[in-house]
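Read the structure below first, then the notes.
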Amino acid sequence: MNIFLLTGQSNMAGRGPLDTVEPLRHSNIQVLGEEGWTEASEPLHSDKPTAGVGLAMSFAQRLLERSPQATIGLVPCAVGGSALSRWMPGQDLNERALALGRRAMEDGELRGILWHQGESDSGTKSDATSYAARLTKVIAHLREQLTATDVPFIAGQIGLFLREDESKTYFAVVNEALRTTAESLYACASARDLTDKGDHVHFDSASLRELGCRYAEEYLRLIQEHHLPPLS
């Protein structure tokens, strides 16, 4: 199984309404839950009652277009509202992601870490300006602890519609940090032209579908450029 960790906050967990897009299902896309692996269907996360459409299903579907024989295992780790501080080495969500990752890797190989987070760190200058350095530590720690130094790490920009939220003054600083983080095997999917569901915080369902495809294209580009093996 090709394992992908889904990390970050609410836009990774998915807050898109389920009734505005066609559901995605495929027998080769599995999700890790309390009962083990089952065929994936949205919502993948159960962090909040509002969980819905996310980006991971369209990400996985796009990868299967390239490697139809592959089995993809999605590991939901994201928690809505979580600041980067909770993902730092030794903190609760970091430890939880490591535990889930190790459990998943009993059944396959870790092939990527998907990250969407930053809204909660856009409210203060100190959080925003330190974001790149702190994220770099998170990436290095996850790779080290999971013995996966060459696993791609794919992030995504936070929504440009955050400019309408007066509490997210420094969202552009965080987006620039996400775009330019100087890590190997790192890429950032653009949020250009994507729209929110009316709250200036969460992508709508169609945008999450598109964002997942953009994550997949960045992932495929990385493995080609770095001569990593395709999904098996």
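Naming scheme: A, B, ... for chains in displayed order of the structure tokens; residues 1 onward per chain; ligands 1 onward as shown.
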
* To do: Find the residues around stretch 87-103 of chain A up to 12 Å (only C-alpha atoms counted), leave out those fewer than 6 positions away in its own chain, and share them as a PyMOL selection string.
  => chain A and resi 2-9+31-34+36-37+47+73-81+109-118+131+133-148

Kindly save the residues from that selection, with C-alpha atoms included, as a compact mmCIF listing (two decimals), in the first residue's frame.
```
# COMPACT_ATOMS: atom_id res chain seq x y z
CA ASN A 2 1.17 3.53 -0.82
CA ILE A 3 0.69 5.54 2.40
CA PHE A 4 -0.04 9.27 2.55
CA LEU A 5 -0.36 11.21 5.82
CA LEU A 6 -2.99 13.98 5.78
CA THR A 7 -1.79 16.68 8.18
CA GLY A 8 -2.73 20.24 9.10
CA GLN A 9 -5.98 21.91 10.06
CA VAL A 31 -8.55 5.10 4.67
CA LEU A 32 -7.18 4.18 8.08
CA GLY A 33 -9.74 4.37 10.88
CA GLU A 34 -10.28 2.87 14.30
CA GLY A 36 -8.34 -0.54 10.35
CA TRP A 37 -8.42 -0.02 6.59
CA ASP A 47 -12.07 15.88 13.98
CA GLY A 73 -3.79 4.41 1.88
CA LEU A 74 -4.92 7.76 3.32
CA VAL A 75 -4.18 8.45 6.99
CA PRO A 76 -6.30 11.30 8.44
CA CYS A 77 -4.34 13.32 11.01
CA ALA A 78 -5.60 16.88 10.54
CA VAL A 79 -7.45 18.79 13.26
CA GLY A 80 -9.46 21.92 12.59
CA GLY A 81 -8.24 25.09 14.26
CA GLU A 109 5.34 2.29 2.45
CA LEU A 110 5.07 5.97 3.31
CA ARG A 111 5.03 7.72 -0.07
CA GLY A 112 4.12 11.27 0.91
CA ILE A 113 3.01 13.75 3.56
CA LEU A 114 0.29 16.24 2.63
CA TRP A 115 0.07 19.45 4.65
CA HIS A 116 -2.50 22.23 4.68
CA GLN A 117 -2.21 24.59 7.62
CA GLY A 118 -1.50 28.25 8.29
CA TYR A 131 6.36 30.11 10.18
CA ALA A 133 11.56 28.12 10.23
CA ARG A 134 9.08 26.25 12.37
CA LEU A 135 7.59 24.31 9.45
CA THR A 136 11.09 23.26 8.40
CA LYS A 137 11.57 21.71 11.85
CA VAL A 138 8.26 19.86 11.56
CA ILE A 139 9.19 18.42 8.16
CA ALA A 140 12.63 17.29 9.30
CA HIS A 141 11.26 15.72 12.48
CA LEU A 142 8.48 13.78 10.76
CA ARG A 143 10.89 12.43 8.16
CA GLU A 144 13.46 11.46 10.76
CA GLN A 145 11.02 9.77 13.11
CA LEU A 146 9.33 7.83 10.31
CA THR A 147 12.67 6.86 8.74
CA ALA A 148 11.57 8.51 5.51
```

Quick check for you: according to DSSP on this backbone, which residues of stretch 60-217 of chain A are classed as alpha helix (DSSP H)? Reply as a compact mmCIF listing (two decimals) with all heavy atoms, in the first residue's frame.
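The new file states.txt reads:
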```txt
# COMPACT_ATOMS: atom_id res chain seq x y z
N ALA A 60 -5.87 11.48 -4.52
CA ALA A 60 -5.67 10.05 -4.74
C ALA A 60 -6.20 9.61 -6.10
O ALA A 60 -5.56 8.80 -6.80
CB ALA A 60 -6.35 9.26 -3.62
N GLN A 61 -7.35 10.12 -6.49
CA GLN A 61 -7.92 9.78 -7.79
C GLN A 61 -6.97 10.17 -8.92
O GLN A 61 -6.79 9.42 -9.89
CB GLN A 61 -9.27 10.48 -7.99
CG GLN A 61 -10.39 9.91 -7.14
CD GLN A 61 -11.18 8.82 -7.87
OE1 GLN A 61 -10.62 8.05 -8.62
NE2 GLN A 61 -12.47 8.76 -7.63
N ARG A 62 -6.37 11.35 -8.82
CA ARG A 62 -5.45 11.80 -9.88
C ARG A 62 -4.21 10.90 -9.93
O ARG A 62 -3.72 10.58 -11.03
CB ARG A 62 -5.05 13.25 -9.62
CG ARG A 62 -4.12 13.85 -10.66
CD ARG A 62 -4.69 13.82 -12.07
NE ARG A 62 -5.92 14.55 -12.22
CZ ARG A 62 -6.00 15.84 -12.54
NH1 ARG A 62 -4.89 16.54 -12.75
NH2 ARG A 62 -7.17 16.42 -12.68
N LEU A 63 -3.71 10.46 -8.78
CA LEU A 63 -2.57 9.56 -8.78
C LEU A 63 -2.92 8.22 -9.43
O LEU A 63 -2.10 7.63 -10.14
CB LEU A 63 -2.06 9.33 -7.36
CG LEU A 63 -1.47 10.52 -6.63
CD1 LEU A 63 -0.83 10.07 -5.32
CD2 LEU A 63 -0.46 11.28 -7.48
N LEU A 64 -4.16 7.75 -9.20
CA LEU A 64 -4.57 6.48 -9.80
C LEU A 64 -4.70 6.57 -11.32
O LEU A 64 -4.58 5.56 -12.02
CB LEU A 64 -5.88 6.01 -9.19
CG LEU A 64 -5.80 5.47 -7.77
CD1 LEU A 64 -7.19 5.07 -7.28
CD2 LEU A 64 -4.85 4.29 -7.66
N GLU A 65 -4.95 7.76 -11.84
CA GLU A 65 -4.97 7.92 -13.28
C GLU A 65 -3.61 7.60 -13.88
O GLU A 65 -3.51 7.10 -15.01
CB GLU A 65 -5.39 9.35 -13.65
CG GLU A 65 -6.83 9.67 -13.30
CD GLU A 65 -7.17 11.13 -13.52
OE1 GLU A 65 -6.31 11.86 -14.10
OE2 GLU A 65 -8.26 11.56 -13.11
N ARG A 66 -2.55 7.91 -13.14
CA ARG A 66 -1.19 7.63 -13.58
C ARG A 66 -0.75 6.20 -13.25
O ARG A 66 0.00 5.60 -14.01
CB ARG A 66 -0.23 8.63 -12.91
CG ARG A 66 1.20 8.56 -13.38
CD ARG A 66 1.37 9.03 -14.81
NE ARG A 66 0.96 10.41 -14.97
CZ ARG A 66 1.80 11.45 -14.79
NH1 ARG A 66 3.06 11.24 -14.45
NH2 ARG A 66 1.37 12.68 -14.96
N ASP A 92 1.36 17.47 20.81
CA ASP A 92 0.36 16.40 20.74
C ASP A 92 0.03 15.94 19.32
O ASP A 92 -0.03 14.73 19.05
CB ASP A 92 -0.92 16.81 21.48
CG ASP A 92 -1.65 17.99 20.86
OD1 ASP A 92 -1.00 18.90 20.31
OD2 ASP A 92 -2.90 18.02 20.93
N LEU A 93 -0.18 16.88 18.40
CA LEU A 93 -0.59 16.45 17.06
C LEU A 93 0.57 15.84 16.28
O LEU A 93 0.36 14.96 15.44
CB LEU A 93 -1.21 17.62 16.30
CG LEU A 93 -2.52 18.14 16.90
CD1 LEU A 93 -3.13 19.23 16.02
CD2 LEU A 93 -3.54 17.01 17.11
N ASN A 94 1.78 16.29 16.57
CA ASN A 94 2.95 15.67 15.97
C ASN A 94 3.08 14.22 16.43
O ASN A 94 3.26 13.31 15.62
CB ASN A 94 4.19 16.47 16.35
CG ASN A 94 5.45 15.99 15.64
OD1 ASN A 94 5.91 14.88 15.89
ND2 ASN A 94 6.01 16.82 14.78
N GLU A 95 2.94 14.00 17.73
CA GLU A 95 3.05 12.65 18.27
C GLU A 95 1.93 11.76 17.74
O GLU A 95 2.16 10.57 17.44
CB GLU A 95 3.01 12.70 19.80
CG GLU A 95 4.24 13.35 20.43
CD GLU A 95 5.49 12.54 20.18
OE1 GLU A 95 5.47 11.32 20.44
OE2 GLU A 95 6.49 13.12 19.71
N ARG A 96 0.75 12.31 17.62
CA ARG A 96 -0.38 11.52 17.10
C ARG A 96 -0.15 11.14 15.65
O ARG A 96 -0.41 9.99 15.24
CB ARG A 96 -1.68 12.32 17.25
CG ARG A 96 -2.92 11.65 16.68
CD ARG A 96 -4.15 12.46 17.03
NE ARG A 96 -5.35 11.96 16.37
CZ ARG A 96 -5.79 12.39 15.19
NH1 ARG A 96 -5.12 13.35 14.54
NH2 ARG A 96 -6.88 11.90 14.65
N ALA A 97 0.35 12.07 14.83
CA ALA A 97 0.63 11.77 13.44
C ALA A 97 1.70 10.70 13.31
O ALA A 97 1.60 9.81 12.44
CB ALA A 97 1.05 13.04 12.69
N LEU A 98 2.71 10.76 14.16
CA LEU A 98 3.75 9.73 14.12
C LEU A 98 3.19 8.36 14.48
O LEU A 98 3.51 7.36 13.83
CB LEU A 98 4.88 10.10 15.09
CG LEU A 98 5.75 11.29 14.69
CD1 LEU A 98 6.73 11.62 15.81
CD2 LEU A 98 6.50 11.02 13.39
N ALA A 99 2.34 8.32 15.49
CA ALA A 99 1.74 7.04 15.89
C ALA A 99 0.88 6.46 14.78
O ALA A 99 0.95 5.27 14.47
CB ALA A 99 0.93 7.22 17.17
N LEU A 100 0.05 7.30 14.16
CA LEU A 100 -0.80 6.83 13.06
C LEU A 100 0.03 6.44 11.85
O LEU A 100 -0.26 5.46 11.16
CB LEU A 100 -1.81 7.91 12.69
CG LEU A 100 -2.93 8.16 13.71
CD1 LEU A 100 -3.71 9.42 13.34
CD2 LEU A 100 -3.86 6.96 13.80
N GLY A 101 1.09 7.21 11.59
CA GLY A 101 1.96 6.88 10.48
C GLY A 101 2.63 5.54 10.66
O GLY A 101 2.70 4.72 9.73
N ARG A 102 3.11 5.28 11.87
CA ARG A 102 3.77 4.00 12.13
C ARG A 102 2.77 2.85 12.02
O ARG A 102 3.11 1.78 11.50
CB ARG A 102 4.41 4.03 13.52
CG ARG A 102 5.60 4.99 13.61
CD ARG A 102 6.21 4.99 14.99
NE ARG A 102 7.31 5.94 15.09
CZ ARG A 102 7.36 6.96 15.92
NH1 ARG A 102 6.35 7.18 16.76
NH2 ARG A 102 8.39 7.78 15.93
N ARG A 103 1.55 3.08 12.49
CA ARG A 103 0.53 2.03 12.37
C ARG A 103 0.26 1.74 10.89
O ARG A 103 0.19 0.57 10.48
CB ARG A 103 -0.76 2.50 13.07
CG ARG A 103 -2.02 1.75 12.68
CD ARG A 103 -1.99 0.28 13.08
NE ARG A 103 -3.17 -0.42 12.57
CZ ARG A 103 -3.26 -0.98 11.36
NH1 ARG A 103 -2.22 -0.91 10.51
NH2 ARG A 103 -4.35 -1.61 10.99
N ALA A 104 0.11 2.78 10.08
CA ALA A 104 -0.17 2.60 8.67
C ALA A 104 0.98 1.90 7.95
O ALA A 104 0.76 1.06 7.07
CB ALA A 104 -0.45 3.96 8.01
N LYS A 125 2.05 38.80 13.86
CA LYS A 125 3.29 38.94 13.11
C LYS A 125 4.32 37.90 13.54
O LYS A 125 5.02 37.33 12.70
CB LYS A 125 3.85 40.35 13.29
CG LYS A 125 5.09 40.63 12.46
CD LYS A 125 5.54 42.07 12.62
CE LYS A 125 6.77 42.35 11.76
NZ LYS A 125 7.21 43.77 11.89
N SER A 126 4.41 37.64 14.83
CA SER A 126 5.42 36.69 15.32
C SER A 126 5.17 35.29 14.80
O SER A 126 6.11 34.59 14.39
CB SER A 126 5.46 36.70 16.85
OG SER A 126 4.20 36.31 17.39
N ASP A 127 3.92 34.86 14.80
CA ASP A 127 3.61 33.53 14.27
C ASP A 127 3.89 33.45 12.77
O ASP A 127 4.44 32.45 12.29
CB ASP A 127 2.14 33.18 14.52
CG ASP A 127 1.85 32.79 15.96
OD1 ASP A 127 2.80 32.47 16.69
OD2 ASP A 127 0.66 32.81 16.35
N ALA A 128 3.52 34.48 12.05
CA ALA A 128 3.67 34.45 10.60
C ALA A 128 5.13 34.52 10.16
O ALA A 128 5.56 33.78 9.27
CB ALA A 128 2.88 35.60 9.98
N THR A 129 5.91 35.39 10.80
CA THR A 129 7.30 35.56 10.37
C THR A 129 8.18 34.39 10.80
O THR A 129 9.23 34.16 10.20
CB THR A 129 7.89 36.87 10.92
OG1 THR A 129 7.75 36.89 12.35
CG2 THR A 129 7.18 38.08 10.32
N TYR A 131 7.02 31.29 10.71
CA TYR A 131 6.36 30.11 10.18
C TYR A 131 7.30 29.21 9.38
O TYR A 131 7.33 27.99 9.57
CB TYR A 131 5.17 30.52 9.30
CG TYR A 131 4.25 29.37 8.94
CD1 TYR A 131 3.18 29.04 9.74
CD2 TYR A 131 4.47 28.61 7.79
CE1 TYR A 131 2.33 27.98 9.42
CE2 TYR A 131 3.64 27.55 7.46
CZ TYR A 131 2.58 27.24 8.29
OH TYR A 131 1.76 26.17 7.98
N ALA A 132 8.08 29.80 8.48
CA ALA A 132 8.95 29.00 7.62
C ALA A 132 9.94 28.19 8.44
O ALA A 132 10.14 26.99 8.19
CB ALA A 132 9.68 29.89 6.62
N ALA A 133 10.57 28.82 9.42
CA ALA A 133 11.56 28.12 10.23
C ALA A 133 10.92 27.01 11.04
O ALA A 133 11.49 25.91 11.18
CB ALA A 133 12.28 29.11 11.15
N ARG A 134 9.74 27.27 11.56
CA ARG A 134 9.08 26.25 12.37
C ARG A 134 8.59 25.08 11.51
O ARG A 134 8.70 23.92 11.90
CB ARG A 134 7.92 26.87 13.16
CG ARG A 134 8.39 27.83 14.25
CD ARG A 134 7.25 28.35 15.10
NE ARG A 134 6.34 29.20 14.35
CZ ARG A 134 5.01 29.15 14.43
NH1 ARG A 134 4.43 28.25 15.21
NH2 ARG A 134 4.26 29.97 13.75
N LEU A 135 8.04 25.38 10.32
CA LEU A 135 7.59 24.31 9.45
C LEU A 135 8.75 23.43 9.02
O LEU A 135 8.62 22.20 8.92
CB LEU A 135 6.88 24.89 8.22
CG LEU A 135 6.36 23.86 7.21
CD1 LEU A 135 5.37 22.90 7.86
CD2 LEU A 135 5.72 24.56 6.01
N THR A 136 9.91 24.03 8.77
CA THR A 136 11.09 23.26 8.40
C THR A 136 11.44 22.24 9.48
O THR A 136 11.79 21.10 9.19
CB THR A 136 12.28 24.19 8.14
OG1 THR A 136 11.97 25.05 7.03
CG2 THR A 136 13.54 23.42 7.83
N LYS A 137 11.30 22.64 10.74
CA LYS A 137 11.57 21.71 11.85
C LYS A 137 10.55 20.57 11.87
O LYS A 137 10.91 19.42 12.13
CB LYS A 137 11.53 22.46 13.18
CG LYS A 137 12.69 23.43 13.37
CD LYS A 137 12.60 24.13 14.73
CE LYS A 137 13.77 25.09 14.91
NZ LYS A 137 13.68 25.80 16.22
N VAL A 138 9.29 20.90 11.60
CA VAL A 138 8.26 19.86 11.56
C VAL A 138 8.56 18.84 10.47
O VAL A 138 8.50 17.62 10.70
CB VAL A 138 6.87 20.49 11.33
CG1 VAL A 138 5.83 19.42 11.06
CG2 VAL A 138 6.46 21.33 12.54
N ILE A 139 8.90 19.32 9.29
CA ILE A 139 9.19 18.42 8.16
C ILE A 139 10.35 17.50 8.50
O ILE A 139 10.28 16.27 8.31
CB ILE A 139 9.48 19.23 6.89
CG1 ILE A 139 8.24 20.04 6.47
CG2 ILE A 139 9.92 18.31 5.75
CD1 ILE A 139 8.52 21.06 5.38
N ALA A 140 11.44 18.09 9.00
CA ALA A 140 12.63 17.29 9.30
C ALA A 140 12.34 16.25 10.38
O ALA A 140 12.80 15.10 10.29
CB ALA A 140 13.77 18.21 9.74
N HIS A 141 11.56 16.64 11.38
CA HIS A 141 11.26 15.72 12.48
C HIS A 141 10.39 14.56 12.02
O HIS A 141 10.66 13.40 12.36
CB HIS A 141 10.56 16.49 13.60
CG HIS A 141 10.24 15.65 14.79
ND1 HIS A 141 11.19 15.23 15.69
CD2 HIS A 141 9.06 15.14 15.24
CE1 HIS A 141 10.61 14.51 16.64
NE2 HIS A 141 9.33 14.44 16.39
N LEU A 142 9.35 14.85 11.25
CA LEU A 142 8.48 13.78 10.76
C LEU A 142 9.27 12.79 9.90
O LEU A 142 9.13 11.57 10.05
CB LEU A 142 7.32 14.36 9.96
CG LEU A 142 6.24 15.11 10.75
CD1 LEU A 142 5.24 15.77 9.79
CD2 LEU A 142 5.51 14.20 11.72
N ARG A 143 10.09 13.32 9.02
CA ARG A 143 10.89 12.43 8.16
C ARG A 143 11.85 11.58 8.99
O ARG A 143 12.00 10.37 8.74
CB ARG A 143 11.66 13.26 7.14
CG ARG A 143 10.79 13.81 6.02
CD ARG A 143 11.57 14.76 5.14
NE ARG A 143 10.85 15.06 3.91
CZ ARG A 143 11.16 16.08 3.11
NH1 ARG A 143 12.17 16.88 3.41
NH2 ARG A 143 10.46 16.30 2.00
N GLU A 144 12.50 12.20 9.94
CA GLU A 144 13.46 11.46 10.76
C GLU A 144 12.77 10.36 11.57
O GLU A 144 13.21 9.20 11.58
CB GLU A 144 14.19 12.42 11.70
CG GLU A 144 15.16 11.72 12.65
CD GLU A 144 15.74 12.66 13.69
OE1 GLU A 144 15.23 13.79 13.83
OE2 GLU A 144 16.69 12.25 14.37
N GLN A 145 11.68 10.72 12.22
CA GLN A 145 11.02 9.77 13.11
C GLN A 145 10.35 8.62 12.35
O GLN A 145 10.21 7.52 12.89
CB GLN A 145 9.99 10.49 13.98
CG GLN A 145 10.59 11.47 14.97
CD GLN A 145 11.52 10.78 15.96
OE1 GLN A 145 11.16 9.78 16.57
NE2 GLN A 145 12.73 11.31 16.09
N PHE A 171 -1.82 36.75 6.56
CA PHE A 171 -1.98 35.53 5.75
C PHE A 171 -1.01 35.51 4.58
O PHE A 171 -0.52 34.45 4.18
CB PHE A 171 -3.42 35.38 5.27
CG PHE A 171 -3.73 36.10 3.99
CD1 PHE A 171 -3.63 35.44 2.77
CD2 PHE A 171 -4.09 37.44 3.99
CE1 PHE A 171 -3.90 36.09 1.58
CE2 PHE A 171 -4.36 38.10 2.81
CZ PHE A 171 -4.26 37.43 1.60
N ALA A 172 -0.70 36.67 4.00
CA ALA A 172 0.21 36.71 2.85
C ALA A 172 1.63 36.33 3.26
O ALA A 172 2.36 35.73 2.46
CB ALA A 172 0.19 38.10 2.21
N VAL A 173 2.01 36.66 4.48
CA VAL A 173 3.34 36.28 4.98
C VAL A 173 3.42 34.76 5.11
O VAL A 173 4.42 34.14 4.73
CB VAL A 173 3.62 36.97 6.33
CG1 VAL A 173 4.97 36.52 6.89
CG2 VAL A 173 3.58 38.48 6.18
N VAL A 174 2.36 34.16 5.64
CA VAL A 174 2.33 32.70 5.77
C VAL A 174 2.34 32.05 4.38
O VAL A 174 3.06 31.07 4.15
CB VAL A 174 1.09 32.26 6.58
CG1 VAL A 174 0.95 30.73 6.55
CG2 VAL A 174 1.21 32.74 8.02
N ASN A 175 1.58 32.59 3.44
CA ASN A 175 1.57 32.02 2.10
C ASN A 175 2.94 32.09 1.44
O ASN A 175 3.34 31.16 0.72
CB ASN A 175 0.52 32.71 1.23
CG ASN A 175 -0.74 31.88 1.09
OD1 ASN A 175 -0.78 30.71 1.46
ND2 ASN A 175 -1.79 32.48 0.55
N GLU A 176 3.64 33.18 1.65
CA GLU A 176 4.97 33.28 1.08
C GLU A 176 5.91 32.27 1.72
O GLU A 176 6.75 31.66 1.04
CB GLU A 176 5.51 34.70 1.26
CG GLU A 176 6.88 34.94 0.66
CD GLU A 176 6.89 34.83 -0.87
OE1 GLU A 176 5.81 34.75 -1.49
OE2 GLU A 176 8.00 34.82 -1.43
N ALA A 177 5.75 32.06 3.02
CA ALA A 177 6.56 31.04 3.70
C ALA A 177 6.27 29.66 3.15
O ALA A 177 7.18 28.85 2.92
CB ALA A 177 6.29 31.09 5.20
N LEU A 178 4.99 29.35 2.94
CA LEU A 178 4.62 28.06 2.37
C LEU A 178 5.19 27.89 0.97
O LEU A 178 5.65 26.82 0.59
CB LEU A 178 3.10 27.92 2.32
CG LEU A 178 2.41 27.68 3.66
CD1 LEU A 178 0.92 27.98 3.56
CD2 LEU A 178 2.62 26.24 4.14
N ARG A 179 5.20 28.95 0.19
CA ARG A 179 5.67 28.88 -1.19
C ARG A 179 7.17 28.69 -1.27
O ARG A 179 7.67 28.02 -2.20
CB ARG A 179 5.26 30.15 -1.94
CG ARG A 179 5.50 30.10 -3.44
CD ARG A 179 5.11 31.40 -4.11
NE ARG A 179 6.00 32.50 -3.74
CZ ARG A 179 7.18 32.72 -4.34
NH1 ARG A 179 7.60 31.94 -5.31
NH2 ARG A 179 7.93 33.74 -3.96
N THR A 180 7.92 29.25 -0.31
CA THR A 180 9.38 29.33 -0.45
C THR A 180 10.14 28.50 0.57
O THR A 180 11.37 28.58 0.61
CB THR A 180 9.84 30.80 -0.33
OG1 THR A 180 9.46 31.32 0.95
CG2 THR A 180 9.22 31.65 -1.42
N SER A 205 -16.35 23.08 -1.88
CA SER A 205 -16.08 21.70 -2.29
C SER A 205 -15.40 21.61 -3.65
O SER A 205 -14.45 20.83 -3.83
CB SER A 205 -17.40 20.91 -2.31
OG SER A 205 -18.00 20.89 -1.03
N ALA A 206 -15.87 22.39 -4.62
CA ALA A 206 -15.26 22.35 -5.95
C ALA A 206 -13.80 22.79 -5.89
O ALA A 206 -12.94 22.22 -6.58
CB ALA A 206 -16.05 23.22 -6.91
N SER A 207 -13.51 23.78 -5.08
CA SER A 207 -12.13 24.25 -4.95
C SER A 207 -11.25 23.21 -4.28
O SER A 207 -10.07 23.05 -4.64
CB SER A 207 -12.10 25.56 -4.16
OG SER A 207 -12.69 26.61 -4.90
N LEU A 208 -11.79 22.49 -3.31
CA LEU A 208 -11.02 21.43 -2.66
C LEU A 208 -10.72 20.30 -3.64
O LEU A 208 -9.62 19.72 -3.62
CB LEU A 208 -11.76 20.91 -1.43
CG LEU A 208 -11.72 21.86 -0.24
CD1 LEU A 208 -12.79 21.50 0.78
CD2 LEU A 208 -10.34 21.85 0.42
N ARG A 209 -11.67 19.98 -4.50
CA ARG A 209 -11.41 18.99 -5.54
C ARG A 209 -10.24 19.44 -6.43
O ARG A 209 -9.33 18.67 -6.74
CB ARG A 209 -12.65 18.77 -6.39
CG ARG A 209 -13.78 18.05 -5.68
CD ARG A 209 -13.58 16.54 -5.76
NE ARG A 209 -14.79 15.83 -5.37
CZ ARG A 209 -14.98 15.28 -4.17
NH1 ARG A 209 -14.04 15.38 -3.24
NH2 ARG A 209 -16.10 14.63 -3.90
N GLU A 210 -10.27 20.71 -6.84
CA GLU A 210 -9.21 21.24 -7.69
C GLU A 210 -7.89 21.30 -6.93
O GLU A 210 -6.84 20.97 -7.49
CB GLU A 210 -9.60 22.63 -8.19
CG GLU A 210 -8.49 23.39 -8.91
CD GLU A 210 -7.99 22.70 -10.17
OE1 GLU A 210 -8.72 21.87 -10.75
OE2 GLU A 210 -6.84 22.98 -10.57
N LEU A 211 -7.94 21.69 -5.67
CA LEU A 211 -6.71 21.78 -4.88
C LEU A 211 -6.06 20.41 -4.74
O LEU A 211 -4.83 20.27 -4.83
CB LEU A 211 -7.00 22.39 -3.51
CG LEU A 211 -5.80 22.71 -2.63
CD1 LEU A 211 -4.84 23.66 -3.33
CD2 LEU A 211 -6.26 23.31 -1.31
N GLY A 212 -6.86 19.38 -4.54
CA GLY A 212 -6.32 18.03 -4.46
C GLY A 212 -5.60 17.62 -5.73
O GLY A 212 -4.54 16.99 -5.69
N CYS A 213 -6.16 17.99 -6.88
CA CYS A 213 -5.51 17.71 -8.16
C CYS A 213 -4.19 18.47 -8.27
O CYS A 213 -3.20 17.93 -8.80
CB CYS A 213 -6.43 18.08 -9.31
SG CYS A 213 -7.90 17.03 -9.45
N ARG A 214 -4.16 19.69 -7.77
CA ARG A 214 -2.92 20.46 -7.81
C ARG A 214 -1.86 19.83 -6.90
O ARG A 214 -0.67 19.81 -7.26
CB ARG A 214 -3.19 21.91 -7.40
CG ARG A 214 -4.07 22.65 -8.39
CD ARG A 214 -4.33 24.09 -7.96
NE ARG A 214 -5.28 24.74 -8.87
CZ ARG A 214 -5.66 26.01 -8.77
NH1 ARG A 214 -5.18 26.78 -7.79
NH2 ARG A 214 -6.52 26.51 -9.64
N TYR A 215 -2.27 19.33 -5.75
CA TYR A 215 -1.33 18.59 -4.89
C TYR A 215 -0.76 17.39 -5.67
O TYR A 215 0.45 17.12 -5.61
CB TYR A 215 -2.04 18.07 -3.65
CG TYR A 215 -2.05 18.98 -2.45
CD1 TYR A 215 -2.76 20.18 -2.45
CD2 TYR A 215 -1.39 18.62 -1.27
CE1 TYR A 215 -2.79 21.00 -1.33
CE2 TYR A 215 -1.41 19.43 -0.15
CZ TYR A 215 -2.11 20.62 -0.18
OH TYR A 215 -2.14 21.42 0.95
N ALA A 216 -1.62 16.68 -6.36
CA ALA A 216 -1.17 15.50 -7.11
C ALA A 216 -0.17 15.88 -8.19
O ALA A 216 0.84 15.18 -8.38
CB ALA A 216 -2.37 14.78 -7.71
N GLU A 217 -0.43 16.97 -8.90
CA GLU A 217 0.50 17.38 -9.95
C GLU A 217 1.84 17.77 -9.37
O GLU A 217 2.90 17.46 -9.96
CB GLU A 217 -0.10 18.55 -10.75
CG GLU A 217 -1.34 18.19 -11.55
CD GLU A 217 -1.09 17.04 -12.52
OE1 GLU A 217 -0.01 16.99 -13.12
OE2 GLU A 217 -1.99 16.19 -12.66
```

Dump as a Markdown table the rows for residues of stretch 89-204 of chain A within 12 Å of stretch 220-226 of chain A: closest atom pair and distance in Å with one decimal, only C-alpha atoms counted, ordered by chain and rising residue number.
```
| residue | atom | partner | partner_atom | distance |
| --- | --- | --- | --- | --- |
| A:Arg111 | CA | A:Ile223 | CA | 9.9 |
| A:Gly112 | CA | A:Ile223 | CA | 10.2 |
| A:Asp150 | CA | A:His226 | CA | 9.5 |
| A:Val151 | CA | A:Ile223 | CA | 9.3 |
| A:Pro152 | CA | A:Leu222 | CA | 7.2 |
| A:Phe153 | CA | A:Leu222 | CA | 9.5 |
| A:Ile154 | CA | A:Leu222 | CA | 9.3 |
| A:Ser184 | CA | A:Leu222 | CA | 9.8 |
| A:Leu185 | CA | A:Leu222 | CA | 6.5 |
| A:Tyr186 | CA | A:Leu222 | CA | 7.8 |
| A:Ala187 | CA | A:Leu222 | CA | 7.5 |
| A:Cys188 | CA | A:Leu222 | CA | 10.8 |
| A:Ala189 | CA | A:Arg221 | CA | 11.4 |
```

* Just asking: which residues within stretch 9-152 of chain A are strand (DSSP E or B) according to DSSP, as JSON, numbers by chain? -> {"A": [16, 29, 30, 31, 32, 33, 36, 37, 38, 39, 53, 72, 73, 74, 75, 76, 109, 110, 111, 112, 113, 114, 115, 116]}

* What gap, in Å, lies between atom CA of A:Met1 and atom CA of A:Ala56? ->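 Taking atom CA of A:Met1 and atom CA of A:Ala56, their separation equals 15.8 Å.
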
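Closest to A:Leu55 among A:Leu228, A:Ala13, A:Ala83, A:Ala182 is A:Ala13, based on only C-alpha atoms.
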
* Structure fact -> note - atom CA of A:Pro17 and atom CA of A:Lys168 are separated by 23.3 Å

* Structure fact -> From the list A:Gly52, A:Gly123, A:Pro23, A:Gly108, the nearest residue to A:His202 using only C-alpha atoms is A:Gly52

* To do: Would you list the contacts of A:Thr124 as a list in words, taking every protein, DNA or RNA residue within 9 Å and counting only C-alpha atoms, but skipping same-chain residues closer than 6 positions in sequence?
  =>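 Listing them by chain and then by number gives Ser167, Lys168, Thr169 and Tyr170 of chain A.
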
Keeping only C-alpha atoms, take the residues you just selected and write them out as a short mmCIF file (atom, residue, chain, number, x, y, z; two decimals), in the first residue's frame.
```cif
data_model
loop_
_atom_site.label_atom_id
_atom_site.label_comp_id
_atom_site.auth_asym_id
_atom_site.auth_seq_id
_atom_site.Cartn_x
_atom_site.Cartn_y
_atom_site.Cartn_z
CA SER A 167 -8.25 38.60 12.05
CA LYS A 168 -5.84 37.09 9.45
CA THR A 169 -3.72 40.18 8.85
CA TYR A 170 -0.56 38.24 8.03
#
```

* Exercise: A:Gly14 partners within 7 Å, only C-alpha atoms, chain neighbours under 3 positions left out, as a ChimeraX atom specification -> /A:10-11,51-55

* Between A:Pro49, A:Gln30, A:Ala191, A:Gly159, which is the closest to A:Asp107 once you count only C-alpha atoms? ->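 Ranking A:Pro49, A:Gln30, A:Ala191, A:Gly159 by distance to A:Asp107, first place goes to A:Gln30.
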